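**Student:** Would you mind keeping the following structure in view while I ask a few things?
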Amino acid sequence: MAETRGGRPIGSSQRPTGGDKAIVSNKRQFFRRRKVCKFCVDKIDHIDYKDVRLLSMFISERGKIIPRRLSGVCTPCQRRLSEAIKQARNIALLPFATRAVAAAGSHG
Amino acid sequence: MRIYEELFIIRPEATEEEIEAVNSQMAAAITSTGGMVDKVDKWGLRKLAYRLQKKSEGYYVLIQFQGGAETVKELERRLRVNDAVMKFLTVRIDEKLKWLERRRKAREKRAARRPQPPVAPAMPAQEVAAMPGAPVSREE
């Protein structure tokens, strides 16, 4: 992938952004550490909808559920987690959404 | 008989007596339909994650009880009718408890099968720390 992009300027002009992204992701591999499921590691069987402190670790600032690909939670745990978050939202323990802080563009 | 958990929010301006009245009313609803109240946990005034009926606070009460479908039906009807109650959530937990018990046993069995793994000698100690019935965090 990197060879074709570096060797041929024509190819890079066709997809300049894609090439940039590839570089960024290559750099990221440097400090990426292995993701592990917190619930499996800490042996938390019961993901309780009442445990706000635990659940709030898995929602973004806007109140969205953080995807597995970012948090590293395993599939069964994520299923239970999202269930718990939705229950907590229902009873106003967690927000459905929080308002954007200021003008647009803050989402980076 | 099934085990349920009922979490509901009472208006923040309700007095202590009003809250007690609601609680005893709900307990009566459970017992009158053949149910049984296991425990009542008053969380107290807590900030809501979003505004409910133009209020940003609420008094949370958690009731764990046993009962059938009739009990839940009657309890939810009473909660809906009561003006002091802003919102409620019923969760059936008996199957969850059963599942947790099974899982805990399996984990113990696994731990017993390999008593002292040379790789991680501190393993059994960590298992005790992670209890399933973790206490509810109550900030504010």
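The chains in the structure tokens are called A, B, ... from first to last as shown; in each chain the residues are counted from 1, and the ligands are counted from 1 in the order shown.
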Contacts from chain A to chain B, 8 Å maximum, only C-alpha atoms: show me the residue list as a list in words.

**Tutor:**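 Per the criterion, chain A yields Asp42, Lys43, Ile44, Asp45, His46, Lys50, Asp51, Val52, Arg53, Arg89, Asn90, Ile91, Ala92, Leu93, Leu94, Pro95 and Phe96 of chain A.
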
**Student:** Do a neighbour search on region 74-85 of chain B at 8 Å with only C-alpha atoms, toss out local chain neighbours closer than 3 positions, and write the hits as a list in words.

**Tutor:**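 That gives Phe8, Ile9, Ile10, Arg11, Ala14, Val22, Met26, Ala29, Ile30, Thr33, Glu70, Thr71 and Phe88 of chain B.
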
**Student:** To one decimal place, how far is CA of Gln64 (chain B) from CA of Ile3 (chain B) in Å?

**Tutor:**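 Between CA of Gln64 (chain B) and CA of Ile3 (chain B) the gap is 7.3 Å.
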
**Student:** So, with only C-alpha atoms as the atoms that count, which of A:Ala88, A:Tyr49, A:Ser71, A:Gly63 lies closest to Val36 (chain A)?

**Tutor:**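 Of A:Ala88, A:Tyr49, A:Ser71, A:Gly63, the one nearest Val36 (chain A) is A:Ser71, counting only C-alpha atoms.
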
**Student:** Which residues, written as a list in words, have at least one atom at most 10 Å from Lys42 (chain B), with only C-alpha atoms counted and residues fewer than 6 positions away on the same chain left out?

**Tutor:**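 My reading of the contact set: Leu7, Ile19, Asn23, Tyr59, Tyr60, Val61, Leu62 and Ile63 of chain B.
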